[in-house]
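Text of the file my_file.pdb, holding PDB, C-alpha atoms and all ligand atoms:
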```pdb
ATOM      1  CA  MET A  87       3.974  -6.826  23.710
ATOM      2  CA  ALA A  88       0.720  -5.138  22.772
ATOM      3  CA  GLN A  89      -0.089  -1.460  22.603
ATOM      4  CA  GLN A  90      -2.604   0.926  21.099
ATOM      5  CA  ALA A  91      -1.159   2.773  18.087
ATOM      6  CA  ALA A  92      -4.289   4.886  17.536
ATOM      7  CA  GLU A  93      -7.899   4.615  18.654
ATOM      8  CA  GLY A  94      -9.127   1.230  17.469
ATOM      9  CA  VAL A  95      -5.719   0.182  16.119
ATOM     10  CA  TYR A  96      -3.645  -2.153  18.294
ATOM     11  CA  PHE A  97      -0.081  -3.245  17.607
ATOM     12  CA  ILE A  98       1.205  -6.674  18.643
ATOM     13  CA  GLN A  99       4.913  -6.836  18.049
ATOM     14  CA  GLY A 100       6.379  -9.834  16.208
ATOM     15  CA  GLN A 101       8.763 -12.060  18.140
ATOM     16  CA  ASP A 102      11.540 -12.749  15.680
ATOM     17  CA  GLU A 103      13.485 -15.984  15.789
ATOM     18  CA  PHE A 104      16.059 -16.901  13.184
ATOM     19  CA  ILE A 105      13.121 -16.278  10.864
ATOM     20  CA  PRO A 106      11.187 -13.059  11.440
ATOM     21  CA  ASP A 107       7.699 -13.119  12.939
ATOM     22  CA  SER A 108       5.397 -10.481  11.460
ATOM     23  CA  HIS A 109       3.632  -7.959  13.610
ATOM     24  CA  MET A 110      -0.117  -8.320  14.017
ATOM     25  CA  TYR A 111      -2.563  -5.422  14.115
ATOM     26  CA  VAL A 112      -6.027  -5.582  15.621
ATOM     27  CA  ILE A 113      -8.318  -3.037  14.021
ATOM     28  CA  GLY A 114     -11.762  -1.844  14.977
ATOM     29  CA  LYS A 115     -13.278   0.001  17.899
ATOM     30  CA  PRO A 116     -13.752  -2.507  20.745
ATOM     31  CA  ASP A 117     -17.384  -1.521  21.374
ATOM     32  CA  SER A 118     -18.189  -2.289  17.715
ATOM     33  CA  LYS A 119     -17.691  -6.000  18.443
ATOM     34  CA  ASP A 120     -16.457  -6.233  14.852
ATOM     35  CA  LEU A 121     -12.691  -6.603  15.067
ATOM     36  CA  SER A 122     -10.252  -7.705  12.395
ATOM     37  CA  LEU A 123      -6.762  -9.153  12.767
ATOM     38  CA  VAL A 124      -4.297  -7.977  10.159
ATOM     39  CA  ASP A 125      -1.706 -10.738   9.588
ATOM     40  CA  ALA A 126      -0.993 -13.663  11.919
ATOM     41  CA  GLY A 127       2.720 -14.474  12.229
ATOM     42  CA  LEU A 128       5.278 -17.239  12.231
ATOM     43  CA  MET A 129       4.626 -20.876  13.181
ATOM     44  CA  GLY A 130       4.423 -21.342  16.947
ATOM     45  CA  LYS A 131       3.456 -17.729  17.629
ATOM     46  CA  GLY A 132      -0.297 -18.315  17.828
ATOM     47  CA  ASP A 133      -0.435 -18.533  21.623
ATOM     48  CA  TYR A 134       1.720 -15.443  22.006
ATOM     49  CA  LYS A 135      -0.452 -13.435  19.602
ATOM     50  CA  LEU A 136      -3.711 -14.634  21.163
ATOM     51  CA  GLY A 137      -2.354 -14.002  24.667
ATOM     52  CA  SER A 138      -1.472 -10.456  23.633
ATOM     53  CA  ILE A 139      -4.985  -9.907  22.272
ATOM     54  CA  ASP A 140      -6.367 -11.207  25.541
ATOM     55  CA  SER A 141      -4.106  -8.865  27.531
ATOM     56  CA  LEU A 142      -5.690  -5.944  25.673
ATOM     57  CA  GLY A 143      -9.009  -7.014  27.186
ATOM     58  CA  ILE A 144     -10.408  -7.978  23.798
ATOM     59  CA  ASP A 145     -13.096 -10.641  23.775
ATOM     60  CA  PHE A 146     -12.257 -13.280  21.127
ATOM     61  CA  ALA A 147     -15.961 -13.426  20.227
ATOM     62  CA  SER A 148     -15.669  -9.942  18.710
ATOM     63  CA  ILE A 149     -12.954 -11.052  16.256
ATOM     64  CA  LYS A 150     -14.697 -11.608  12.946
ATOM     65  CA  ARG A 151     -11.891 -12.059  10.444
ATOM     66  CA  VAL A 152      -8.204 -12.307   9.664
ATOM     67  CA  ILE A 153      -7.027 -10.174   6.760
ATOM     68  CA  MET A 154      -3.623 -10.895   5.238
ATOM     69  CA  THR A 155      -1.467  -8.088   3.830
ATOM     70  CA  HIS A 156       0.134 -10.991   1.936
ATOM     71  CA  THR A 157       0.675 -14.688   2.532
ATOM     72  CA  HIS A 158       4.411 -15.132   3.170
ATOM     73  CA  LEU A 159       5.328 -17.707   5.805
ATOM     74  CA  ASP A 160       6.244 -15.134   8.453
ATOM     75  CA  HIS A 161       2.680 -13.720   8.206
ATOM     76  CA  ILE A 162       0.571 -16.841   7.638
ATOM     77  CA  GLY A 163       2.648 -19.395   9.598
ATOM     78  CA  CYS A 164       0.466 -19.347  12.732
ATOM     79  CA  LEU A 165      -2.860 -18.681  11.008
ATOM     80  CA  ALA A 166      -4.010 -22.262  11.628
ATOM     81  CA  GLU A 167      -3.091 -21.957  15.341
ATOM     82  CA  ILE A 168      -5.152 -18.797  15.619
ATOM     83  CA  ARG A 169      -8.133 -20.198  13.757
ATOM     84  CA  GLU A 170      -8.107 -23.235  15.999
ATOM     85  CA  GLN A 171      -9.145 -20.912  18.830
ATOM     86  CA  ILE A 172     -11.212 -18.541  16.703
ATOM     87  CA  PRO A 173     -12.679 -20.930  14.134
ATOM     88  CA  TRP A 174     -15.458 -18.545  13.125
ATOM     89  CA  ALA A 175     -12.983 -15.936  11.866
ATOM     90  CA  GLU A 176     -13.164 -15.477   8.116
ATOM     91  CA  LEU A 177     -10.031 -15.238   5.973
ATOM     92  CA  TRP A 178      -9.681 -12.309   3.561
ATOM     93  CA  VAL A 179      -6.815 -12.289   1.040
ATOM     94  CA  HIS A 180      -6.074 -10.531  -2.244
ATOM     95  CA  GLU A 181      -7.248 -12.656  -5.163
ATOM     96  CA  LEU A 182      -3.726 -13.122  -6.592
ATOM     97  CA  GLU A 183      -2.664 -14.928  -3.416
ATOM     98  CA  ALA A 184      -6.068 -16.399  -2.563
ATOM     99  CA  ARG A 185      -6.051 -18.576  -5.673
ATOM    100  CA  PRO A 186      -2.651 -20.218  -5.032
ATOM    101  CA  LEU A 187      -3.561 -20.572  -1.349
ATOM    102  CA  GLU A 188      -6.749 -22.426  -2.234
ATOM    103  CA  SER A 189      -5.073 -24.642  -4.825
ATOM    104  CA  GLY A 190      -2.176 -25.513  -2.517
ATOM    105  CA  ASP A 191       0.539 -23.757  -4.544
ATOM    106  CA  GLU A 192       2.888 -23.029  -1.647
ATOM    107  CA  ARG A 193       5.415 -21.038  -3.662
ATOM    108  CA  ILE A 194       3.359 -18.005  -2.645
ATOM    109  CA  VAL A 195       4.001 -18.856   1.022
ATOM    110  CA  TYR A 196       7.661 -19.872   0.951
ATOM    111  CA  GLY A 197       8.874 -17.412  -1.685
ATOM    112  CA  MET A 198      11.883 -19.494  -2.689
ATOM    113  CA  GLU A 199      12.823 -23.184  -2.868
ATOM    114  CA  MET A 200      15.879 -22.972  -0.624
ATOM    115  CA  PHE A 201      13.908 -21.288   2.142
ATOM    116  CA  LYS A 202      11.104 -23.821   1.739
ATOM    117  CA  SER A 203      13.271 -26.880   2.352
ATOM    118  CA  MET A 204      15.024 -25.178   5.272
ATOM    119  CA  CYS A 205      11.714 -24.260   6.939
ATOM    120  CA  MET A 206      10.037 -27.589   6.280
ATOM    121  CA  THR A 207      12.917 -29.332   8.055
ATOM    122  CA  GLN A 208      13.228 -26.824  10.883
ATOM    123  CA  TYR A 209       9.508 -26.701  11.680
ATOM    124  CA  ASN A 210       8.626 -30.212  10.577
ATOM    125  CA  LEU A 211       6.084 -28.903   8.071
ATOM    126  CA  LYS A 212       4.224 -31.230   5.736
ATOM    127  CA  PRO A 213       3.335 -30.313   2.164
ATOM    128  CA  GLY A 214      -0.145 -28.805   2.148
ATOM    129  CA  SER A 215       0.220 -27.126   5.557
ATOM    130  CA  PHE A 216      -0.771 -23.786   4.062
ATOM    131  CA  ARG A 217      -3.781 -24.669   1.989
ATOM    132  CA  PHE A 218      -6.692 -22.472   3.106
ATOM    133  CA  ARG A 219     -10.147 -21.668   1.855
ATOM    134  CA  VAL A 220     -10.514 -17.915   1.446
ATOM    135  CA  ASP A 221     -13.832 -16.368   2.487
ATOM    136  CA  ARG A 222     -13.424 -13.072   0.715
ATOM    137  CA  MET A 223     -11.070 -12.137  -2.095
ATOM    138  CA  LEU A 224      -9.922  -8.533  -2.121
ATOM    139  CA  HIS A 225      -8.888  -6.725  -5.281
ATOM    140  CA  GLY A 226      -7.702  -3.297  -4.196
ATOM    141  CA  GLY A 227      -9.908  -0.240  -4.502
ATOM    142  CA  GLU A 228     -12.368  -1.372  -1.822
ATOM    143  CA  GLU A 229     -13.472   0.990   0.881
ATOM    144  CA  LEU A 230     -13.986  -1.226   3.923
ATOM    145  CA  GLU A 231     -15.929  -0.153   6.984
ATOM    146  CA  LEU A 232     -14.372  -2.314   9.695
ATOM    147  CA  GLY A 233     -15.405  -1.928  13.292
ATOM    148  CA  GLY A 234     -16.360   1.713  12.920
ATOM    149  CA  ILE A 235     -13.234   2.748  10.992
ATOM    150  CA  SER A 236     -13.017   3.286   7.266
ATOM    151  CA  TRP A 237     -10.029   1.782   5.401
ATOM    152  CA  GLU A 238      -9.075   2.092   1.756
ATOM    153  CA  VAL A 239      -7.582  -1.113   0.360
ATOM    154  CA  MET A 240      -4.729  -0.608  -2.101
ATOM    155  CA  HIS A 241      -3.178  -3.324  -4.250
ATOM    156  CA  VAL A 242       0.585  -2.786  -3.927
ATOM    157  CA  PRO A 243       2.380  -5.684  -5.682
ATOM    158  CA  GLY A 244       6.152  -6.060  -5.940
ATOM    159  CA  HIS A 245       7.127  -7.636  -2.625
ATOM    160  CA  SER A 246       4.537 -10.291  -3.463
ATOM    161  CA  PRO A 247       1.899 -10.373  -6.217
ATOM    162  CA  GLY A 248      -1.109  -9.858  -3.949
ATOM    163  CA  SER A 249       0.289  -7.439  -1.363
ATOM    164  CA  ILE A 250      -2.308  -5.027  -0.050
ATOM    165  CA  ALA A 251      -2.065  -1.906   2.096
ATOM    166  CA  PHE A 252      -4.733  -0.375   4.341
ATOM    167  CA  TYR A 253      -5.084   3.377   4.504
ATOM    168  CA  ASP A 254      -7.129   5.455   6.921
ATOM    169  CA  ARG A 255      -7.234   8.736   5.020
ATOM    170  CA  GLN A 256      -8.878  10.676   7.807
ATOM    171  CA  ARG A 257      -6.246   9.876  10.420
ATOM    172  CA  LYS A 258      -3.356   9.359   7.956
ATOM    173  CA  ILE A 259      -2.614   5.826   9.095
ATOM    174  CA  LEU A 260      -1.005   3.324   6.713
ATOM    175  CA  ILE A 261      -0.628  -0.435   7.192
ATOM    176  CA  PRO A 262       1.611  -1.355   4.236
ATOM    177  CA  GLY A 263       2.533  -4.978   5.038
ATOM    178  CA  ASP A 264       6.102  -5.595   3.848
ATOM    179  CA  VAL A 265       6.107  -2.954   1.109
ATOM    180  CA  VAL A 266       7.791  -0.213   3.140
ATOM    181  CA  TYR A 267       9.234  -0.066   6.661
ATOM    182  CA  ALA A 268      10.486   2.653   8.973
ATOM    183  CA  ASP A 269      14.051   3.984   8.557
ATOM    184  CA  TYR A 270      13.968   4.106   4.735
ATOM    185  CA  ALA A 271      13.824   0.332   4.349
ATOM    186  CA  ILE A 272      11.652  -1.567   1.884
ATOM    187  CA  GLY A 273      10.618  -5.205   1.458
ATOM    188  CA  ARG A 274      12.592  -7.523  -0.783
ATOM    189  CA  PHE A 275      11.386  -7.944  -4.332
ATOM    190  CA  ASP A 276      13.252 -11.077  -5.447
ATOM    191  CA  LEU A 277      10.833 -13.694  -4.093
ATOM    192  CA  HIS A 278       8.284 -15.782  -6.026
ATOM    193  CA  GLY A 279       5.908 -13.463  -7.877
ATOM    194  CA  GLY A 280       7.866 -10.390  -6.783
ATOM    195  CA  SER A 281       8.941  -7.622  -9.138
ATOM    196  CA  GLY A 282      11.237  -4.619  -8.723
ATOM    197  CA  GLY A 283       9.309  -2.660 -11.329
ATOM    198  CA  GLN A 284       5.977  -3.273  -9.615
ATOM    199  CA  HIS A 285       7.512  -2.493  -6.245
ATOM    200  CA  LYS A 286       8.686   0.849  -7.589
ATOM    201  CA  LYS A 287       5.193   1.685  -8.844
ATOM    202  CA  SER A 288       3.586   0.612  -5.566
ATOM    203  CA  LEU A 289       6.019   2.722  -3.535
ATOM    204  CA  SER A 290       5.311   5.760  -5.652
ATOM    205  CA  GLU A 291       1.558   5.249  -5.199
ATOM    206  CA  LEU A 292       1.990   5.038  -1.443
ATOM    207  CA  GLY A 293       4.299   8.061  -1.669
ATOM    208  CA  GLU A 294       1.351  10.155  -2.816
ATOM    209  CA  LEU A 295      -0.532   9.566   0.434
ATOM    210  CA  GLU A 296      -0.266  11.741   3.493
ATOM    211  CA  VAL A 297       0.928   9.400   6.230
ATOM    212  CA  ASP A 298       1.594  10.280   9.862
ATOM    213  CA  ILE A 299       1.403   6.785  11.337
ATOM    214  CA  LEU A 300       3.229   3.922   9.611
ATOM    215  CA  LEU A 301       2.389   0.417  10.841
ATOM    216  CA  PRO A 302       4.532  -2.013   8.826
ATOM    217  CA  GLY A 303       4.838  -5.798   9.008
ATOM    218  CA  HIS A 304       8.265  -5.735  10.693
ATOM    219  CA  ASN A 305      10.710  -3.571  12.584
ATOM    220  CA  ARG A 306       9.627  -0.505  14.464
ATOM    221  CA  ILE A 307       6.395   1.367  13.935
ATOM    222  CA  ASP A 308       6.498   5.131  13.469
ATOM    223  CA  THR A 309       3.673   7.241  14.871
ATOM    224  CA  ASN A 310       5.236  10.546  13.863
ATOM    225  CA  LEU A 311       6.426  10.063  10.314
ATOM    226  CA  PRO A 312       8.255  12.996   8.672
ATOM    227  CA  PRO A 313       6.296  14.558   5.754
ATOM    228  CA  GLY A 314       7.165  12.977   2.390
ATOM    229  CA  TYR A 315       8.789   9.982   4.068
ATOM    230  CA  ILE A 316       7.488   7.315   1.663
ATOM    231  CA  ALA A 317       8.150   9.435  -1.422
ATOM    232  CA  ASP A 318      11.733   9.973  -0.192
ATOM    233  CA  THR A 319      12.122   6.255   0.430
ATOM    234  CA  ALA A 320      10.797   5.513  -3.070
ATOM    235  CA  LYS A 321      13.266   7.989  -4.569
ATOM    236  CA  GLN A 322      16.233   6.459  -2.730
ATOM    237  CA  TRP A 323      15.384   2.967  -3.893
ATOM    238  CA  ALA A 324      14.294   3.826  -7.444
ATOM    239  CA  PRO A 325      17.701   3.065  -9.070
ATOM    240  CA  TYR A 326      17.581  -0.497  -7.703
ATOM    241  CA  LEU A 327      13.984  -1.199  -8.684
ATOM    242  CA  VAL A 328      13.792  -2.288 -12.292
TER
HETATM  243 ZN    ZN B 401       6.628 -10.696   3.054
HETATM  244 ZN    ZN B 402       7.113 -10.302   6.438
END
```
Whole structure, structure tokens version:
Amino acid sequence: MAQQAAEGVYFIQGQDEFIPDSHMYVIGKPDSKDLSLVDAGLMGKGDYKLGSIDSLGIDFASIKRVIMTHTHLDHIGCLAEIREQIPWAELWVHELEARPLESGDERIVYGMEMFKSMCMTQYNLKPGSFRFRVDRMLHGGEELELGGISWEVMHVPGHSPGSIAFYDRQRKILIPGDVVYADYAIGRFDLHGGSGGQHKKSLSELGELEVDILLPGHNRIDTNLPPGYIADTAKQWAPYLV
């Protein structure tokens, strides 16, 4: 399923299996011919995601890059499938996850050993399946002009060390990856490189933003967020985040 969440922001819903599949967002005004994919999804979902992009009438030639909110398996699993069909697309990742990705340290992808062995068996994955060269390392603090829309990049660690969020200040749109979801839910903070304390700080930073449209990595999107929603979510979770 694909739909427009705002002008130049398209939502392609993840297709969860027994492991979740992350949503994908396509950002940029179509006539700019400078589109970016935000996150890919789970292994085997490449055709579904590309088919959904196609159904939006988007020409693959206008897709210039894939930007990862973070590199967990449910977001990066089908990146190779997508790049097979769009090999010119660059890969942009926060530096703290770009380095392990380039060196083949897959703890950043699997998050925990038990999950890793389960997934490798289930999906017949070989070691080194998620080693990628990163074209641009992000740091947080960038102001990116992507396809005619301006996005602030924020480094929001806690769910993973190199989690980033994209904020359109003008239209109050936030793409937070797995940091915060709709319905007062937040991402887990017990995986490799995660931290409850950092998660708390990241949530409170996001809580300072005015957000009307929340486009998270999973679950439903919310295009009419109540005022103070993220700050309230941060407050509810604060006792558990140490
Ligand atoms: Zn994640
Ligand atoms: Zn996820």
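Neighbourhood of point (14.1, -7.4, 12.9): residues with an atom at most 9 Å away, counting all atoms listed in the file, are Gly100, Gln101, Asp102, Pro106, Asp107, His304, Asn305 and Arg306 of chain A.
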inquiry  = For Thr155 (chain A), find every residue with an atom within 6 Å (counting only C-alpha atoms), except residues of its own chain fewer than 4 positions away, and show them as a PyMOL selection string.
reply    = chain A and resi 249-250+263
* **Selection result for the PyMOL selection byres (((chain A and resi 164) around 6) and not hetatm) on this file, as a list in words** =>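 Going through the file, the PyMOL selection byres (((chain A and resi 164) around 6) and not hetatm) ends up selecting Ala126, Gly127, Leu128, Met129, Lys131, Gly132, Ile162, Gly163, Leu165, Ala166 and Glu167 of chain A.
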**Report entry** Selected residue, from A:Ser246, A:Gln90, A:Ser288, A:Ser215, that lies nearest to ligand ZN 401 (chain B) when counting all atoms listed in the file
**Finding:**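 Once distances to ligand ZN 401 (chain B) are computed over all atoms listed in the file, the minimum belongs to A:Ser246.
Residues surrounding His225 (chain A) within 7 Å are His180, Glu181 and His241 of chain A [only C-alpha atoms; sequence separation below 6 positions excluded].
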Where is the centre and how long are the edges: axis-aligned box on region 244-261 of chain A, 6 Å on each side, Å to one decimal, as JSON:
```
{"center_x": -0.9, "center_y": 0.2, "center_z": 2.1, "size_x": 28.0, "size_y": 33.0, "size_z": 28.6}
```
**Request:** Work out how far apart CA of Gly190 (chain A) and CA of Glu228 (chain A) are and give it in Å to one decimal.
**Result:**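 A separation of 26.2 Å between them.
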Counting all atoms listed in the file, name the residues that have an atom within 12 Å of an atom of ligand ZN 401 (chain B); the answer should be given as an MDAnalysis selection string. chainID A and resid 105:109 125 127:128 154:163 194:198 243:250 262:267 272:280 302:304
inquiry  = Could you list, as a PyMOL selection string, every residue within 12 Å of Asp120 (chain A), counting all atoms listed in the file and ignoring same-chain residues fewer than 3 positions away?
reply    = chain A and resi 94+112-117+123+144-152+175-176+231-235
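Using only C-alpha atoms, the residues found no farther than 12 Å from Ser290 (chain A), other than those of its own chain fewer than 3 positions away, are Val242, Pro243, Gly244, Val265, Val266, Gly283, Gln284, His285, Lys286, Lys287, Gly293, Glu294, Leu295, Gly314, Tyr315, Ile316, Ala317, Asp318, Thr319, Ala320, Lys321, Gln322, Trp323, Ala324 and Leu327 of chain A.
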* Can you give me, as a PyMOL selection string, the residues this file yields under the PyMOL selection byres (((chain A and resi 139) around 10) and not hetatm)? => chain A and resi 87-89+96-98+110-112+123+133-138+140-146
task: Identify the residues within 10 Å of coordinate (-14.4, -12.9, -2.2) (same frame as the file), considering all atoms listed in the file, and give the answer as number ranges by chain.
output: A: 177-181, 184, 220-225
| query | How many Å lie between CA of Phe252 (chain A) and CA of Ser281 (chain A), rounded to one decimal? | reply |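 Taking CA of Phe252 (chain A) as the start and CA of Ser281 (chain A) as the end point, the length is 20.5 Å.
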Practice task
With a distance cut-off of 7 Å and all atoms listed in the file, select the neighbouring residues of Leu260 (chain A), excluding the residue or stretch itself and same-chain residues fewer than 3 positions from it, and output the selection as a count of residues only.
Solution key: 7
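In this structure, CA of Ala268 (chain A) sits 6.6 Å away from CA of Ile307 (chain A).
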Report task. Could you expand the PyMOL selection byres (((chain A and resi 258) around 6) and not hetatm) into the explicit residues it covers here, written as a list in words? Result ->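 Output from the PyMOL selection byres (((chain A and resi 258) around 6) and not hetatm), applied to this file: Asp254, Arg255, Gln256, Arg257, Ile259, Glu296, Val297 and Asp298 of chain A.
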Using all atoms listed in the file, the shortest atom-to-atom distance to Phe104 (chain A) among A:Tyr209, A:Tyr326, A:Pro312, A:Ile153 belongs to A:Tyr209
Taking the partial coordinates given, rebuild region 252-262 of chain A to contain all heavy atoms; return it as a JSON list (two decimals), in the frame of the given file.
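Contents of result16.json, freshly written:
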```json
[["chain", "number", "residue", "atom", "x", "y", "z"],
["A", 252, "PHE", "N", -3.51, -0.97, 3.80],
["A", 252, "PHE", "CA", -4.73, -0.38, 4.34],
["A", 252, "PHE", "C", -4.45, 1.06, 4.73],
["A", 252, "PHE", "O", -3.48, 1.33, 5.44],
["A", 252, "PHE", "CB", -5.21, -1.16, 5.58],
["A", 252, "PHE", "CG", -5.63, -2.55, 5.22],
["A", 252, "PHE", "CD1", -4.71, -3.58, 5.18],
["A", 252, "PHE", "CD2", -6.94, -2.81, 4.86],
["A", 252, "PHE", "CE1", -5.08, -4.86, 4.80],
["A", 252, "PHE", "CE2", -7.33, -4.08, 4.49],
["A", 252, "PHE", "CZ", -6.40, -5.10, 4.46],
["A", 253, "TYR", "N", -5.32, 1.95, 4.27],
["A", 253, "TYR", "CA", -5.08, 3.38, 4.50],
["A", 253, "TYR", "C", -6.32, 4.02, 5.13],
["A", 253, "TYR", "O", -7.42, 3.91, 4.61],
["A", 253, "TYR", "CB", -4.75, 4.06, 3.17],
["A", 253, "TYR", "CG", -4.44, 5.53, 3.27],
["A", 253, "TYR", "CD1", -3.48, 6.00, 4.17],
["A", 253, "TYR", "CD2", -5.08, 6.45, 2.46],
["A", 253, "TYR", "CE1", -3.18, 7.35, 4.26],
["A", 253, "TYR", "CE2", -4.79, 7.81, 2.54],
["A", 253, "TYR", "CZ", -3.83, 8.25, 3.44],
["A", 253, "TYR", "OH", -3.53, 9.59, 3.53],
["A", 254, "ASP", "N", -6.10, 4.66, 6.26],
["A", 254, "ASP", "CA", -7.13, 5.46, 6.92],
["A", 254, "ASP", "C", -6.83, 6.91, 6.56],
["A", 254, "ASP", "O", -5.93, 7.53, 7.14],
["A", 254, "ASP", "CB", -7.05, 5.22, 8.44],
["A", 254, "ASP", "CG", -8.00, 6.11, 9.24],
["A", 254, "ASP", "OD1", -8.50, 7.12, 8.69],
["A", 254, "ASP", "OD2", -8.22, 5.81, 10.43],
["A", 255, "ARG", "N", -7.53, 7.42, 5.57],
["A", 255, "ARG", "CA", -7.23, 8.74, 5.02],
["A", 255, "ARG", "C", -7.48, 9.85, 6.04],
["A", 255, "ARG", "O", -6.74, 10.83, 6.10],
["A", 255, "ARG", "CB", -8.08, 8.97, 3.75],
["A", 255, "ARG", "CG", -7.70, 10.19, 2.94],
["A", 255, "ARG", "CD", -8.46, 10.25, 1.61],
["A", 255, "ARG", "NE", -8.04, 9.19, 0.69],
["A", 255, "ARG", "CZ", -7.01, 9.32, -0.16],
["A", 255, "ARG", "NH1", -6.31, 10.43, -0.20],
["A", 255, "ARG", "NH2", -6.68, 8.32, -0.98],
["A", 256, "GLN", "N", -8.52, 9.66, 6.84],
["A", 256, "GLN", "CA", -8.88, 10.68, 7.81],
["A", 256, "GLN", "C", -7.78, 10.89, 8.85],
["A", 256, "GLN", "O", -7.40, 12.00, 9.17],
["A", 256, "GLN", "CB", -10.16, 10.24, 8.51],
["A", 256, "GLN", "CG", -11.07, 11.37, 8.81],
["A", 256, "GLN", "CD", -12.38, 10.83, 9.40],
["A", 256, "GLN", "OE1", -12.58, 9.63, 9.61],
["A", 256, "GLN", "NE2", -13.28, 11.76, 9.68],
["A", 257, "ARG", "N", -7.24, 9.78, 9.34],
["A", 257, "ARG", "CA", -6.25, 9.88, 10.42],
["A", 257, "ARG", "C", -4.81, 9.68, 9.93],
["A", 257, "ARG", "O", -3.87, 9.64, 10.71],
["A", 257, "ARG", "CB", -6.59, 8.86, 11.51],
["A", 257, "ARG", "CG", -7.95, 9.15, 12.13],
["A", 257, "ARG", "CD", -8.18, 8.32, 13.36],
["A", 257, "ARG", "NE", -8.29, 6.89, 13.04],
["A", 257, "ARG", "CZ", -8.29, 5.92, 13.95],
["A", 257, "ARG", "NH1", -8.14, 6.22, 15.22],
["A", 257, "ARG", "NH2", -8.43, 4.65, 13.59],
["A", 258, "LYS", "N", -4.68, 9.49, 8.59],
["A", 258, "LYS", "CA", -3.36, 9.36, 7.96],
["A", 258, "LYS", "C", -2.56, 8.18, 8.52],
["A", 258, "LYS", "O", -1.39, 8.31, 8.89],
["A", 258, "LYS", "CB", -2.57, 10.67, 8.09],
["A", 258, "LYS", "CG", -3.30, 11.85, 7.47],
["A", 258, "LYS", "CD", -2.55, 13.15, 7.63],
["A", 258, "LYS", "CE", -3.38, 14.30, 7.05],
["A", 258, "LYS", "NZ", -2.84, 15.60, 7.40],
["A", 259, "ILE", "N", -3.25, 7.05, 8.61],
["A", 259, "ILE", "CA", -2.61, 5.83, 9.10],
["A", 259, "ILE", "C", -2.44, 4.87, 7.91],
["A", 259, "ILE", "O", -3.39, 4.65, 7.16],
["A", 259, "ILE", "CB", -3.49, 5.14, 10.17],
["A", 259, "ILE", "CG1", -3.77, 6.09, 11.34],
["A", 259, "ILE", "CG2", -2.83, 3.85, 10.66],
["A", 259, "ILE", "CD1", -4.80, 5.55, 12.33],
["A", 260, "LEU", "N", -1.25, 4.29, 7.79],
["A", 260, "LEU", "CA", -1.00, 3.32, 6.71],
["A", 260, "LEU", "C", -0.48, 2.02, 7.30],
["A", 260, "LEU", "O", 0.47, 2.01, 8.08],
["A", 260, "LEU", "CB", 0.01, 3.89, 5.71],
["A", 260, "LEU", "CG", 0.31, 2.98, 4.51],
["A", 260, "LEU", "CD1", -0.89, 2.89, 3.56],
["A", 260, "LEU", "CD2", 1.54, 3.47, 3.75],
["A", 261, "ILE", "N", -1.11, 0.92, 6.88],
["A", 261, "ILE", "CA", -0.63, -0.44, 7.19],
["A", 261, "ILE", "C", -0.17, -1.03, 5.86],
["A", 261, "ILE", "O", -1.00, -1.49, 5.07],
["A", 261, "ILE", "CB", -1.76, -1.30, 7.83],
["A", 261, "ILE", "CG1", -2.28, -0.64, 9.12],
["A", 261, "ILE", "CG2", -1.25, -2.71, 8.11],
["A", 261, "ILE", "CD1", -3.44, -1.38, 9.78],
["A", 262, "PRO", "N", 1.14, -0.99, 5.58],
["A", 262, "PRO", "CA", 1.61, -1.36, 4.24],
["A", 262, "PRO", "C", 2.12, -2.78, 4.10],
["A", 262, "PRO", "O", 2.69, -3.12, 3.05],
["A", 262, "PRO", "CB", 2.77, -0.37, 4.03],
["A", 262, "PRO", "CG", 3.36, -0.25, 5.40],
["A", 262, "PRO", "CD", 2.22, -0.41, 6.39]]
```
